[in-house]
Amino acid sequence: MKLLISFVAAAVFGFFGSGAWAQSAVTIYGLADAGLVREHGGAGGKLTRISSGVGSASRIGFRGSEDLGDGWSANFLLEAGVRLDTGEQESSGALFHRQAYVGARHRDYGAATLGRQYTPYYNALTSVGDPFGGAYAGTAKNLFPAGGQNTRTSNAIVYAMPDIMGVTAELSYALGEQPGSGTAGRQFGLALGYSQGPLNARLAYNHRNNDVTAAAGAAAVPPVPAADRDIGRNTLLAANYNFGVTRAYVAYGVDKGANSALLPNSGNPYGGVRPTASTDSRDMLLGASVPFGMTTLMASYIRKNDRTAYDQDAHQWGIGLSHALSRRTSLYTAYARIRNKHGAGYTVGNNTEPGSGDSAFNLGVRHLF
């Protein structure tokens, strides 16, 4: 927090100390993605549907910046999700649910932003550790805990330092904003990365307080002792290395505490005894991407090791192809299968859906604009 306060102080001084005001720019951008999804293995039987955001969530966004002089710039981003299969909002009641922030940047000091933003953990997993980039049936999000508040946090302050000889760092602090408590519901994360030559590596951490205080007008909830707080923690080491003919990926995660590894499908997709989300698990990924001209082959193997008494482990393997028709348009196909053990309930989803069974096939198109 001291680092964030120092940055804000420097930003205020820089803004008022600069007499140069330059042009501003606003960009409208977006992504349209839809595909055929065929799922098997769930208690409800086979399911075939047209899905939006199989590879990348469909969206429209507004990005703006203004040069304030002396190396300073102001910036904002508003990004709304849309479902191409139905035309509905991605999240009912929240127009800019994907991202919504405003902030300041300096060429030497880095950037600070306030609003709804991605967590350092999610960025590390999808951009560094997963050959599928968090997309398609083979996404690491099927077994790694990268959903819900591990993906984005509201009410967040994020500081990202500039790249210094390949070293980067990111710090995020999200306020819980619950009456009577400065800790209930808060979340913070950090990441330290190194990218130089063929190596790209990142260490990330996410810490979430799940405590909930009483709603306004309800009976007061006594403070929770520090030792008894409902805390979920996720630590991730992710890396990839470009060998030229192929890029190799590896990721290892440690998840401990309440809500540290929620099941992507919160229902009971296989029937019978409802599966139990792990509160102590280890995640491991090995993968590769191989380019063939305009086509890229992606493959990965993931293992979830549940260390609780339930021992609900799972294994996933996935394979996919993405073919670029142009700089902005591509076709894709993917297949993945999960093997659950001891009543585990993990499902094969994609970028935006949790899935309904233990295997899935995707075929779709993705267009940037």
# chains A, B, ... in the order shown; residues from 1 in each chain; ligands from 1

$ closest_atom_pairs --of "range 249-337 of chain A" --to "range 33-41 of chain A" --cutoff "10 Å" --atoms "only C-alpha atoms" --output "tab-separated table"
residue	atom	partner	partner_atom	distance
A:Pro269	CA	A:Gly41	CA	8.9
A:Tyr270	CA	A:Gly41	CA	7.7
A:Thr329	CA	A:Asp33	CA	9.8
A:Ser330	CA	A:Asp33	CA	9.6
A:Leu331	CA	A:Gly35	CA	9.4
A:Tyr332	CA	A:Gly35	CA	8.6
A:Thr333	CA	A:Gly35	CA	8.9
A:Ala334	CA	A:Val37	CA	9.6
A:Tyr335	CA	A:Arg38	CA	9.5
A:Ala336	CA	A:Glu39	CA	9.9
A:Arg337	CA	A:His40	CA	9.4

$ write_last_selection --atoms "C-alpha atoms" --output "mmCIF file, in the first residue's frame"
data_model
loop_
_atom_site.group_PDB
_atom_site.id
_atom_site.type_symbol
_atom_site.label_atom_id
_atom_site.label_comp_id
_atom_site.auth_asym_id
_atom_site.auth_seq_id
_atom_site.Cartn_x
_atom_site.Cartn_y
_atom_site.Cartn_z
ATOM 1 C CA PRO A 269 -23.259 -32.421 -13.103
ATOM 2 C CA TYR A 270 -22.789 -36.164 -12.576
ATOM 3 C CA THR A 329 -9.998 -13.691 -38.138
ATOM 4 C CA SER A 330 -9.276 -17.288 -37.150
ATOM 5 C CA LEU A 331 -10.945 -20.702 -37.062
ATOM 6 C CA TYR A 332 -10.480 -23.120 -34.163
ATOM 7 C CA THR A 333 -11.260 -26.621 -33.017
ATOM 8 C CA ALA A 334 -10.477 -28.349 -29.726
ATOM 9 C CA TYR A 335 -11.219 -31.468 -27.693
ATOM 10 C CA ALA A 336 -10.604 -32.234 -24.015
ATOM 11 C CA ARG A 337 -11.436 -34.994 -21.587
#

$ residues_around --residues "range 56-73 of chain A" --least-positions-apart "6" --cutoff "7 Å" --atoms "only C-alpha atoms" --output "PDB file with C-alpha atoms, in the first residue's frame"
ATOM      1  CA  SER A  18       2.717  20.024 -15.795  1.00  0.00           C
ATOM      2  CA  ALA A  20       1.505  20.754 -21.178  1.00  0.00           C
ATOM      3  CA  TRP A  21      -1.869  19.414 -22.290  1.00  0.00           C
ATOM      4  CA  ALA A  22      -1.911  17.310 -25.437  1.00  0.00           C
ATOM      5  CA  GLN A  23      -4.465  15.524 -27.559  1.00  0.00           C
ATOM      6  CA  SER A  24      -6.609  12.670 -26.247  1.00  0.00           C
ATOM      7  CA  ALA A  25      -7.709   9.576 -28.124  1.00  0.00           C
ATOM      8  CA  VAL A  26     -10.572   7.090 -27.722  1.00  0.00           C
ATOM      9  CA  THR A  27     -10.632   3.705 -29.458  1.00  0.00           C
ATOM     10  CA  ILE A  28     -13.655   1.438 -29.935  1.00  0.00           C
ATOM     11  CA  TYR A  29     -12.614  -2.200 -30.132  1.00  0.00           C
ATOM     12  CA  GLY A  30     -14.177  -5.598 -29.800  1.00  0.00           C
ATOM     13  CA  LEU A  31     -14.168  -9.315 -30.381  1.00  0.00           C
ATOM     14  CA  ALA A  32     -16.826 -11.637 -31.807  1.00  0.00           C
ATOM     15  CA  ASP A  33     -16.493 -15.357 -31.054  1.00  0.00           C
ATOM     16  CA  GLU A  79     -15.519  -3.290 -21.567  1.00  0.00           C
ATOM     17  CA  ALA A  80     -18.916  -4.964 -21.910  1.00  0.00           C
ATOM     18  CA  GLY A  81     -19.518  -8.643 -22.597  1.00  0.00           C
ATOM     19  CA  VAL A  82     -22.173  -9.893 -25.021  1.00  0.00           C
ATOM     20  CA  ARG A  83     -23.451 -13.366 -25.898  1.00  0.00           C
ATOM     21  CA  ALA A 104      -2.667   7.277 -14.630  1.00  0.00           C
ATOM     22  CA  ARG A 105       0.586   6.119 -16.213  1.00  0.00           C
ATOM     23  CA  HIS A 106       4.143   7.415 -16.263  1.00  0.00           C
ATOM     24  CA  ARG A 107       6.805   6.165 -18.630  1.00  0.00           C
ATOM     25  CA  ALA A 135      -9.640 -20.760 -23.967  1.00  0.00           C
ATOM     26  CA  ASN A 351     -13.444 -19.638 -21.981  1.00  0.00           C
ATOM     27  CA  THR A 352     -16.899 -18.530 -20.796  1.00  0.00           C
TER      28      THR A 352
END

$ closest_residue --among "A:Leu171, A:Leu84, A:Ala191, A:Leu263" --to "Val128 in chain A" --atoms "only C-alpha atoms"
A:Ala191

$ atom_distance --atom1 "CA of Val365 in chain A" --atom2 "CA of Lys141 in chain A"
20.7 Å

$ closest_residue --among "A:Ser281, A:Thr308, A:Thr139, A:Ser326" --to "Thr295 in chain A" --atoms "only C-alpha atoms"
A:Ser326

$ closest_residue --among "A:Asp313, A:Tyr101, A:Ala43, A:Thr151" --to "Gly272 in chain A" --atoms "only C-alpha atoms"
A:Ala43

$ closest_atom_pairs --of "range 244-294 of chain A" --to "range 192-203 of chain A" --cutoff "12 Å" --atoms "only C-alpha atoms" --output "CSV"
residue,atom,partner,partner_atom,distance
A:Gly244,CA,A:Pro198,CA,8.5
A:Val245,CA,A:Pro198,CA,11.8
A:Thr246,CA,A:Pro198,CA,10.9
A:Arg247,CA,A:Pro198,CA,8.8
A:Ala248,CA,A:Leu199,CA,9.9
A:Tyr249,CA,A:Asn200,CA,9.6
A:Val250,CA,A:Ala201,CA,9.5
A:Ala251,CA,A:Arg202,CA,9.6
A:Tyr252,CA,A:Leu203,CA,9.8
A:Gly253,CA,A:Leu203,CA,9.9
A:Val254,CA,A:Leu203,CA,11.7

$ residues_around --residues "Thr113 in chain A" --least-positions-apart "6" --cutoff "6 Å" --atoms "only C-alpha atoms" --output "short mmCIF file (atom, residue, chain, number, x, y, z; two decimals) with C-alpha atoms, in the first residue's frame"
data_model
loop_
_atom_site.label_atom_id
_atom_site.label_comp_id
_atom_site.auth_asym_id
_atom_site.auth_seq_id
_atom_site.Cartn_x
_atom_site.Cartn_y
_atom_site.Cartn_z
CA VAL A 102 -9.54 4.74 -14.84
CA GLY A 103 -5.98 5.63 -13.94
CA ILE A 157 -6.48 -0.55 -6.96
CA VAL A 158 -3.81 -1.98 -9.26
#

$ closest_residue --among "A:Pro131, A:Gly343, A:Pro120, A:Gly293" --to "Thr235 in chain A" --atoms "only C-alpha atoms"
A:Pro120

$ atom_distance --atom1 "CA of Asn206 in chain A" --atom2 "CA of Tyr121 in chain A"
6.2 Å
